[in-house]
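Structure file protein_11.csv; described as CSV, C-alpha atoms.
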chain,number,residue,atom,x,y,z
A,129,MET,CA,0.0,0.0,0.0
A,130,PHE,CA,1.3,3.4,-1.0
A,131,ASP,CA,0.6,6.5,1.2
A,132,ALA,CA,2.0,9.9,0.2
A,133,GLY,CA,4.6,10.9,2.8
A,134,ARG,CA,5.2,7.3,4.1
A,135,SER,CA,7.4,4.5,3.0
A,136,PRO,CA,5.5,2.2,0.6
A,137,ALA,CA,4.7,-1.4,1.3
A,138,PRO,CA,6.6,-4.1,-0.6
A,139,LEU,CA,6.2,-3.9,-4.4
A,140,MET,CA,3.6,-6.3,-5.8
A,141,SER,CA,5.5,-8.3,-8.4
A,142,ASN,CA,3.7,-11.6,-8.8
A,143,PRO,CA,1.3,-11.4,-11.8
A,144,ARG,CA,-0.2,-14.8,-10.7
A,145,ALA,CA,-1.2,-13.6,-7.2
A,146,ASP,CA,-4.8,-14.2,-6.2
A,147,ARG,CA,-5.4,-10.4,-5.9
A,148,VAL,CA,-4.2,-9.9,-9.4
A,149,LYS,CA,-6.4,-12.7,-10.8
A,150,GLU,CA,-9.5,-11.3,-9.0
A,151,ALA,CA,-9.0,-7.9,-10.6
A,152,ALA,CA,-8.4,-9.4,-14.0
A,153,LYS,CA,-11.7,-11.3,-13.8
A,154,LEU,CA,-13.6,-8.0,-13.7
A,155,ALA,CA,-13.1,-7.8,-17.5
A,156,GLY,CA,-15.9,-10.4,-17.6
A,157,ARG,CA,-19.6,-9.5,-17.1
A,158,SER,CA,-20.2,-12.4,-14.7
A,159,ALA,CA,-17.5,-11.3,-12.3
A,160,ARG,CA,-18.9,-7.7,-12.4
A,161,LEU,CA,-22.4,-8.9,-11.7
A,162,LYS,CA,-21.2,-11.2,-8.8
A,163,THR,CA,-19.0,-8.6,-7.1
A,164,GLY,CA,-20.6,-5.3,-8.0
A,165,LEU,CA,-17.1,-4.1,-9.1
A,166,PHE,CA,-15.4,-3.0,-12.3
A,167,LEU,CA,-12.0,-1.9,-13.4
A,168,ALA,CA,-11.0,1.6,-14.5
A,169,GLU,CA,-7.7,1.8,-16.4
A,170,GLY,CA,-5.4,4.7,-17.2
A,171,PRO,CA,-4.6,8.0,-15.5
A,172,GLN,CA,-7.6,9.9,-16.7
A,173,ALA,CA,-10.2,7.3,-15.7
A,174,VAL,CA,-8.5,6.6,-12.3
A,175,ARG,CA,-8.1,10.3,-11.6
A,176,GLU,CA,-11.9,10.9,-12.1
A,177,ALA,CA,-12.7,7.8,-10.1
A,178,LEU,CA,-10.6,9.1,-7.2
A,179,VAL,CA,-12.2,12.6,-7.3
A,180,ALA,CA,-15.6,11.0,-7.4
A,181,HIS,CA,-14.5,8.8,-4.4
A,182,ARG,CA,-13.5,11.8,-2.4
A,183,HIS,CA,-16.8,13.7,-3.1
A,184,ALA,CA,-18.8,10.6,-2.1
A,185,VAL,CA,-17.0,10.1,1.1
A,186,GLU,CA,-17.3,13.8,2.0
A,187,ALA,CA,-21.0,13.5,1.4
A,188,GLY,CA,-21.2,10.5,3.7
A,189,LEU,CA,-21.8,8.1,0.9
A,190,PRO,CA,-19.9,4.8,0.1
A,191,GLY,CA,-16.7,5.5,-1.7
A,192,VAL,CA,-16.3,4.7,-5.4
A,193,VAL,CA,-12.7,3.3,-5.3
A,194,VAL,CA,-12.1,0.0,-3.5
A,195,GLU,CA,-8.3,0.0,-4.2
A,196,ALA,CA,-5.9,1.1,-6.9
A,197,TYR,CA,-2.6,-0.3,-8.3
A,198,ALA,CA,0.1,1.8,-9.9
A,199,THR,CA,3.7,1.6,-11.0
A,200,GLU,CA,6.2,3.7,-9.4
A,201,ALA,CA,7.0,5.3,-12.7
A,202,CYS,CA,3.4,6.4,-13.2
A,203,LEU,CA,3.3,8.0,-9.7
A,204,GLN,CA,6.5,9.8,-10.4
A,205,ARG,CA,5.2,11.1,-13.7
A,206,LEU,CA,1.8,12.0,-12.2
A,207,PRO,CA,2.3,12.7,-8.5
A,208,GLU,CA,-1.1,14.2,-8.1
A,209,LEU,CA,-2.6,10.8,-8.4
A,210,ALA,CA,-1.0,9.7,-5.1
A,211,GLY,CA,-2.4,12.9,-3.5
A,212,LEU,CA,-5.9,12.2,-4.8
A,213,ALA,CA,-5.6,8.6,-3.5
A,214,ALA,CA,-4.9,9.7,0.1
A,215,GLY,CA,-7.3,7.7,2.3
A,216,THR,CA,-7.7,4.9,-0.2
A,217,THR,CA,-5.7,1.8,-0.7
A,218,LEU,CA,-3.1,2.5,-3.4
A,219,ARG,CA,-0.6,-0.4,-4.0
A,220,LEU,CA,2.7,-0.2,-5.9
A,221,ALA,CA,2.9,-2.9,-8.6
A,222,THR,CA,5.2,-3.8,-11.4
A,223,ASP,CA,4.4,-3.4,-15.1
A,224,GLU,CA,3.9,-7.2,-15.3
A,225,VAL,CA,1.3,-7.1,-12.6
A,226,LEU,CA,-0.5,-4.2,-14.2
A,227,ALA,CA,-0.4,-6.0,-17.6
A,228,ALA,CA,-2.0,-9.1,-15.9
A,229,MET,CA,-4.8,-7.0,-14.4
A,230,ALA,CA,-5.6,-4.7,-17.3
A,231,ASP,CA,-7.7,-5.4,-20.4
A,232,THR,CA,-5.5,-3.4,-22.6
A,233,VAL,CA,-2.3,-4.6,-24.3
A,234,SER,CA,-0.3,-1.7,-23.1
A,235,PRO,CA,-1.7,-0.5,-19.7
A,236,GLN,CA,-0.8,3.1,-18.7
A,237,GLY,CA,0.6,2.3,-15.3
A,238,ILE,CA,-2.5,2.6,-13.1
A,239,VAL,CA,-5.8,0.8,-12.6
A,240,ALA,CA,-8.5,1.1,-10.0
A,241,VAL,CA,-11.1,-1.4,-8.7
A,242,CYS,CA,-14.3,0.6,-8.4
A,243,ARG,CA,-17.8,0.0,-7.1
A,244,ILE,CA,-20.6,0.0,-9.7
A,245,GLN,CA,-22.9,2.9,-8.9
A,246,SER,CA,-26.6,1.9,-9.4
A,247,PRO,CA,-28.9,5.0,-9.2
A,248,SER,CA,-32.6,4.3,-9.8
A,249,LEU,CA,-34.6,5.8,-12.5
A,250,GLN,CA,-37.0,7.2,-9.9
A,251,ASP,CA,-34.1,9.0,-8.1
A,252,VAL,CA,-32.9,10.5,-11.4
A,253,LEU,CA,-36.3,11.8,-12.3
A,254,ALA,CA,-37.0,13.1,-8.8
A,255,ALA,CA,-34.1,15.4,-9.2
A,256,GLY,CA,-35.9,17.3,-12.0
A,257,PRO,CA,-33.5,16.7,-14.9
A,258,LYS,CA,-33.4,19.1,-17.8
A,259,LEU,CA,-31.6,16.8,-20.2
A,260,ILE,CA,-31.3,13.0,-20.4
A,261,ALA,CA,-29.5,10.8,-23.0
A,262,VAL,CA,-31.2,7.4,-23.6
A,263,MET,CA,-29.4,4.6,-25.3
A,264,CYS,CA,-31.9,2.2,-26.8
A,265,GLU,CA,-30.2,-1.1,-27.5
A,266,VAL,CA,-26.8,0.5,-28.3
A,267,ARG,CA,-24.5,-2.5,-28.4
A,268,ASP,CA,-21.1,-1.2,-29.3
A,269,PRO,CA,-19.0,-0.2,-26.2
A,270,GLY,CA,-17.2,2.5,-28.1
A,271,ASN,CA,-20.4,4.1,-29.2
A,272,ALA,CA,-21.9,3.9,-25.7
A,273,GLY,CA,-18.8,5.5,-24.2
A,274,THR,CA,-18.9,8.3,-26.8
A,275,ILE,CA,-22.5,9.0,-26.1
A,276,LEU,CA,-21.9,9.1,-22.4
A,277,ARG,CA,-19.0,11.4,-22.8
A,278,ALA,CA,-21.0,13.7,-25.1
A,279,ALA,CA,-23.8,13.7,-22.5
A,280,ASP,CA,-21.3,14.7,-19.8
A,281,SER,CA,-19.8,17.4,-22.0
A,282,ALA,CA,-23.2,18.8,-22.9
A,283,GLY,CA,-24.1,19.0,-19.2
A,284,ALA,CA,-26.8,16.3,-19.3
A,285,ASP,CA,-28.2,15.3,-15.9
A,286,ALA,CA,-28.2,11.6,-16.5
A,287,VAL,CA,-27.7,8.8,-19.0
A,288,VAL,CA,-30.1,5.8,-19.3
A,289,LEU,CA,-29.3,2.5,-21.1
A,290,THR,CA,-32.3,0.3,-21.9
A,291,ALA,CA,-32.3,-3.5,-21.5
A,292,SER,CA,-30.2,-5.2,-24.2
A,293,SER,CA,-27.8,-2.3,-24.4
A,294,VAL,CA,-24.1,-2.9,-23.8
A,295,ASP,CA,-22.8,-3.1,-20.2
A,296,ILE,CA,-21.4,0.4,-19.7
A,297,HIS,CA,-18.9,-1.1,-17.2
A,298,ASN,CA,-17.4,-3.3,-20.0
A,299,PRO,CA,-13.6,-2.3,-20.0
A,300,LYS,CA,-13.8,-0.9,-23.5
A,301,ALA,CA,-16.9,1.2,-22.7
A,302,VAL,CA,-15.2,2.5,-19.5
A,303,ARG,CA,-12.2,3.5,-21.5
A,304,SER,CA,-14.3,5.2,-24.1
A,305,THR,CA,-16.0,7.4,-21.5
A,306,VAL,CA,-12.5,8.8,-20.6
A,307,GLY,CA,-13.6,9.4,-17.0
A,308,SER,CA,-17.1,10.7,-17.7
A,309,LEU,CA,-18.7,7.6,-16.3
A,310,PHE,CA,-17.9,9.1,-12.8
A,311,HIS,CA,-19.5,12.5,-13.5
A,312,LEU,CA,-23.2,11.8,-13.8
A,313,PRO,CA,-25.8,9.2,-12.9
A,314,VAL,CA,-26.0,6.3,-15.2
A,315,VAL,CA,-29.1,4.0,-15.0
A,316,SER,CA,-28.8,0.6,-16.8
A,317,GLY,CA,-31.1,-2.2,-17.8
A,318,VAL,CA,-34.3,-0.2,-17.8
A,319,GLU,CA,-37.3,-1.7,-19.8
A,320,PHE,CA,-38.2,0.8,-22.5
A,321,ALA,CA,-41.9,0.8,-21.8
A,322,GLU,CA,-41.3,1.6,-18.1
A,323,LEU,CA,-38.9,4.4,-19.1
A,324,ALA,CA,-41.3,6.0,-21.5
A,325,ALA,CA,-44.1,6.0,-19.0
A,326,ALA,CA,-41.9,7.5,-16.3
A,327,LEU,CA,-40.6,10.3,-18.6
A,328,ARG,CA,-44.1,11.1,-19.7
A,329,GLN,CA,-45.4,11.2,-16.2
A,330,GLY,CA,-42.5,13.5,-15.3
A,331,GLY,CA,-43.5,16.0,-18.1
A,332,ILE,CA,-40.3,15.4,-20.0
A,333,THR,CA,-40.5,15.7,-23.8
A,334,ILE,CA,-39.2,12.6,-25.6
A,335,LEU,CA,-37.3,13.3,-28.8
A,336,ALA,CA,-36.2,10.5,-31.1
A,337,ALA,CA,-33.1,11.0,-33.1
A,338,ASP,CA,-34.3,9.7,-36.4
A,339,GLY,CA,-32.9,10.3,-39.9
A,340,TYR,CA,-36.4,10.2,-41.3
A,341,GLY,CA,-37.9,12.5,-38.7
A,342,SER,CA,-40.3,15.2,-39.7
A,343,GLN,CA,-38.7,17.8,-37.4
A,344,ASP,CA,-35.4,19.3,-38.6
A,345,LEU,CA,-32.8,20.0,-35.8
A,346,ASP,CA,-31.5,23.1,-37.5
A,347,ALA,CA,-35.0,24.6,-37.7
A,348,LEU,CA,-35.6,23.8,-34.1
A,349,GLN,CA,-32.4,25.6,-33.1
A,350,ASP,CA,-33.4,28.6,-35.2
A,351,GLU,CA,-36.8,28.7,-33.5
A,352,SER,CA,-35.1,28.5,-30.1
A,353,ALA,CA,-32.9,31.4,-31.0
A,354,VAL,CA,-35.9,33.5,-32.1
A,355,ARG,CA,-37.6,32.8,-28.7
A,356,ARG,CA,-34.4,33.8,-26.9
A,357,LEU,CA,-33.7,37.0,-28.8
A,358,ALA,CA,-37.2,38.2,-29.5
A,359,PRO,CA,-39.6,36.7,-26.9
A,360,GLY,CA,-43.1,36.4,-28.3
A,361,ALA,CA,-42.0,37.1,-31.9
A,362,GLU,CA,-42.4,33.5,-33.0
A,363,GLY,CA,-46.1,33.5,-32.5
A,364,GLU,CA,-48.3,30.8,-30.8
A,365,GLY,CA,-48.6,28.4,-33.7
A,366,THR,CA,-45.3,26.5,-33.3
A,367,SER,CA,-46.2,22.8,-33.3
A,368,GLY,CA,-42.7,21.4,-32.9
A,369,PRO,CA,-40.7,20.7,-29.8
A,370,ARG,CA,-38.9,23.4,-27.8
A,371,LEU,CA,-35.3,22.5,-27.2
A,372,GLU,CA,-35.2,24.6,-24.1
A,373,ASN,CA,-37.8,22.3,-22.4
A,374,GLN,CA,-37.0,19.3,-20.3
A,375,THR,CA,-35.9,16.7,-22.8
A,376,ALA,CA,-34.9,13.1,-23.1
A,377,TRP,CA,-33.2,12.1,-26.4
A,378,LEU,CA,-33.5,8.6,-27.7
A,379,PHE,CA,-30.6,7.2,-29.6
A,380,GLY,CA,-31.0,3.8,-31.3
A,381,ASN,CA,-29.2,0.6,-32.2
A,382,GLU,CA,-26.2,1.1,-34.6
A,383,ALA,CA,-27.6,-1.2,-37.3
A,384,GLN,CA,-31.4,-1.0,-36.9
A,385,GLY,CA,-31.8,2.4,-35.3
A,386,LEU,CA,-34.8,3.0,-33.1
A,387,SER,CA,-37.6,0.3,-33.1
A,388,GLU,CA,-41.2,1.1,-34.1
A,389,ALA,CA,-42.2,1.0,-30.5
A,390,GLU,CA,-39.4,3.4,-29.5
A,391,LEU,CA,-40.3,5.8,-32.3
A,392,ALA,CA,-44.0,5.6,-31.4
A,393,ALA,CA,-43.3,6.5,-27.8
A,394,ALA,CA,-41.5,9.7,-28.8
A,395,ASP,CA,-43.3,13.0,-28.8
A,396,PHE,CA,-41.4,14.1,-31.9
A,397,ARG,CA,-38.9,12.5,-34.4
A,398,VAL,CA,-36.0,14.8,-35.1
A,399,ALA,CA,-33.6,14.5,-38.0
A,400,VAL,CA,-30.1,15.9,-38.0
A,401,PRO,CA,-29.7,17.4,-41.5
A,402,VAL,CA,-27.0,15.9,-43.7
A,403,TYR,CA,-25.6,18.5,-46.2
A,404,GLY,CA,-23.0,16.3,-47.8
A,405,GLN,CA,-23.2,12.9,-49.5
A,406,ALA,CA,-22.9,10.6,-46.4
A,407,GLU,CA,-25.9,8.3,-46.0
A,408,SER,CA,-26.2,9.0,-42.2
A,409,LEU,CA,-24.3,9.9,-39.1
A,410,ASN,CA,-22.8,7.4,-36.6
A,411,VAL,CA,-25.0,7.2,-33.5
A,412,GLY,CA,-22.3,8.7,-31.3
A,413,THR,CA,-21.9,11.7,-33.6
A,414,ALA,CA,-25.6,12.2,-34.0
A,415,ALA,CA,-26.0,12.0,-30.2
A,416,THR,CA,-23.3,14.7,-29.8
A,417,VAL,CA,-25.1,17.1,-32.2
A,418,CYS,CA,-28.5,16.5,-30.6
A,419,LEU,CA,-27.4,16.9,-27.0
A,420,TYR,CA,-25.4,20.1,-27.7
A,421,ALA,CA,-28.4,21.5,-29.5
A,422,SER,CA,-30.5,21.0,-26.4
A,423,ALA,CA,-27.7,22.2,-24.1
A,424,ARG,CA,-27.3,25.4,-26.1
A,425,ALA,CA,-31.0,26.2,-25.9
A,426,GLN,CA,-31.3,25.3,-22.2
A,427,ASN,CA,-28.2,27.3,-21.2
A,428,ARG,CA,-28.7,30.5,-23.1
Please, can you express the file's structure as structure tokens?
Amino acid sequence: MFDAGRSPAPLMSNPRADRVKEAAKLAGRSARLKTGLFLAEGPQAVREALVAHRHAVEAGLPGVVVEAYATEACLQRLPELAGLAAGTTLRLATDEVLAAMADTVSPQGIVAVCRIQSPSLQDVLAAGPKLIAVMCEVRDPGNAGTILRAADSAGADAVVLTASSVDIHNPKAVRSTVGSLFHLPVVSGVEFAELAAALRQGGITILAADGYGSQDLDALQDESAVRRLAPGAEGEGTSGPRLENQTAWLFGNEAQGLSEAELAAADFRVAVPVYGQAESLNVGTAATVCLYASARAQNR
């Protein structure tokens, strides 16, 4: 165990030690379900995990980080990580030990075993969210991570993954979030019908990101700007959604998009205009554009 200002415990050097094997198992879904733990890899992810851990402890909540492992070279290069880890278990380990634990071929010198946070949909909605990103059967961990990171960057209040979506605590998905996983509530495994009913009961407008949607995102942004710059000038006849209102965006499966049931549950179907020759946008890119459009309207 490493503690800033104290002599470190003996270096962990055996890549076949039980502790190492248990951490490595967290790459598998069954081990994550059994233990309620997952692995965060790399300086950025671990830094954000440690910051979230500190905030949780200060708020009297269970900590996020169970223990972390780092090479001496990593801590010398990034000494702030040892400071952030004060009060948690941080063990020095060799490169071989880190390689045995990590899911990546070339680990970046530090990993953390973290507790899976499991906020409920009811708790998220009770907080009065303005903007929610919903992944409907998004299967690719890279896309899921990108959408979560975009939601975090746009200031969304929560992310929801419906049943059959990828496990966001999958190592590749965790890496793709680049630490954003620790910044906002993430609700997983929600049945879509339950989600749609709860959003509607909460008065939250449901927008489906749909390439064939009748609503044009650029036009909605123009209308939002008119309302902001000249209140009342847009008249009362506007029938489309208002981006400044409480909103939940639905983003669909990479191959099939949103299902008929998901589209039917939406209040409006919104298309991101494509001005070039591309057939469509990747779901992660489309999500970024849509979330930022809402964020801009809500924060101006």
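Between Ala399 in chain A and the candidates A:Asn373, A:Thr232, A:Gln343, A:Gln384, the tightest atom-to-atom separation, counting all atoms listed in the file, involves A:Gln343.
Proximity to Leu312 in chain A was assessed for A:Leu386, A:Ala180, A:Gln349, A:Cys202 counting all atoms listed in the file; the smallest distance is recorded for A:Ala180.
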Please build the interface table for range 166-273 of chain A against range 140-145 of chain A with a cut-off of 7 Å, listing for each qualifying residue the nearest atom pair and the distance in Å to one decimal; count only C-alpha atoms, order rows by chain and increasing number, and write it as JSON lines.
{"residue": "A:Leu220", "atom": "CA", "partner": "A:Met140", "partner_atom": "CA", "distance": 6.2}
{"residue": "A:Ala221", "atom": "CA", "partner": "A:Met140", "partner_atom": "CA", "distance": 4.5}
{"residue": "A:Thr222", "atom": "CA", "partner": "A:Ser141", "partner_atom": "CA", "distance": 5.4}
{"residue": "A:Glu224", "atom": "CA", "partner": "A:Pro143", "partner_atom": "CA", "distance": 6.1}
{"residue": "A:Val225", "atom": "CA", "partner": "A:Pro143", "partner_atom": "CA", "distance": 4.4}
{"residue": "A:Ala228", "atom": "CA", "partner": "A:Pro143", "partner_atom": "CA", "distance": 5.7}
With C-alpha atoms retained, export the selected residues as a PDB file, in the coordinates of the input.
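And here is the file that came out, out.pdb:
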ATOM      1  CA  LEU A 220       2.700  -0.200  -5.900  1.00  0.00           C
ATOM      2  CA  ALA A 221       2.900  -2.900  -8.600  1.00  0.00           C
ATOM      3  CA  THR A 222       5.200  -3.800 -11.400  1.00  0.00           C
ATOM      4  CA  GLU A 224       3.900  -7.200 -15.300  1.00  0.00           C
ATOM      5  CA  VAL A 225       1.300  -7.100 -12.600  1.00  0.00           C
ATOM      6  CA  ALA A 228      -2.000  -9.100 -15.900  1.00  0.00           C
TER       7      ALA A 228
END
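Nearest to Val294 in chain A of all the residues A:Asp346, A:Glu195, A:Asp268, A:Glu388 is A:Asp268, based on only C-alpha atoms.
Of note, CA of Ala187 in chain A and CA of Gly283 in chain A are spaced 21.5 Å apart.
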Find the spatial neighbours of range 176-178 of chain A, counting only C-alpha atoms, within a cut-off of 7 Å - ignore same-chain residues fewer than 4 positions away - and output them as a compact mmCIF listing (two decimals) with C-alpha atoms, in the frame of the given file.
# COMPACT_ATOMS: atom_id res chain seq x y z
CA GLN A 172 -7.60 9.90 -16.70
CA ARG A 182 -13.50 11.80 -2.40
CA VAL A 192 -16.30 4.70 -5.40
CA VAL A 193 -12.70 3.30 -5.30
CA LEU A 212 -5.90 12.20 -4.80
CA ALA A 213 -5.60 8.60 -3.50
CA GLY A 307 -13.60 9.40 -17.00
CA PHE A 310 -17.90 9.10 -12.80
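Of the listed residues (A:Asp395, A:Ser248, A:His297, A:Glu390), A:His297 comes nearest to Ala159 in chain A; the distances count all atoms listed in the file.
Taking CA of Asp231 in chain A as the reference point, CA of Pro138 in chain A is found at 24.5 Å.
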**Message:** Quick one: residues within 12 Å of range 269-278 of chain A, all atoms listed in the file, excluding same-chain residues fewer than 3 positions away - as a count of residues only?
**Reply:** 60
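Distance-wise, CA of Pro401 in chain A and CA of Ala291 in chain A end up 29.0 Å apart.
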**Fill in**
In terms of all atoms listed in the file, the residue from A:Ala324, A:Ala168, A:Ile238, A:Ala227 at minimal distance from Lys149 in chain A is A:Ala227
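Each of A:Ala336, A:Ala198, A:Leu203, A:Leu348 was compared to Leu139 in chain A using only C-alpha atoms, and A:Ala198 turns out to be the nearest.
Residues in contact with Ala393 in chain A at 12 Å, where all atoms listed in the file are counted and same-chain residues fewer than 6 positions away are skipped, are listed as Phe320, Ala321, Glu322, Leu323, Ala324, Ala325, Ala326, Leu327, Arg328, Thr333, Ile334, Leu335, Ala336, Ala376, Trp377, Leu378, Leu386 and Ser387 of chain A.
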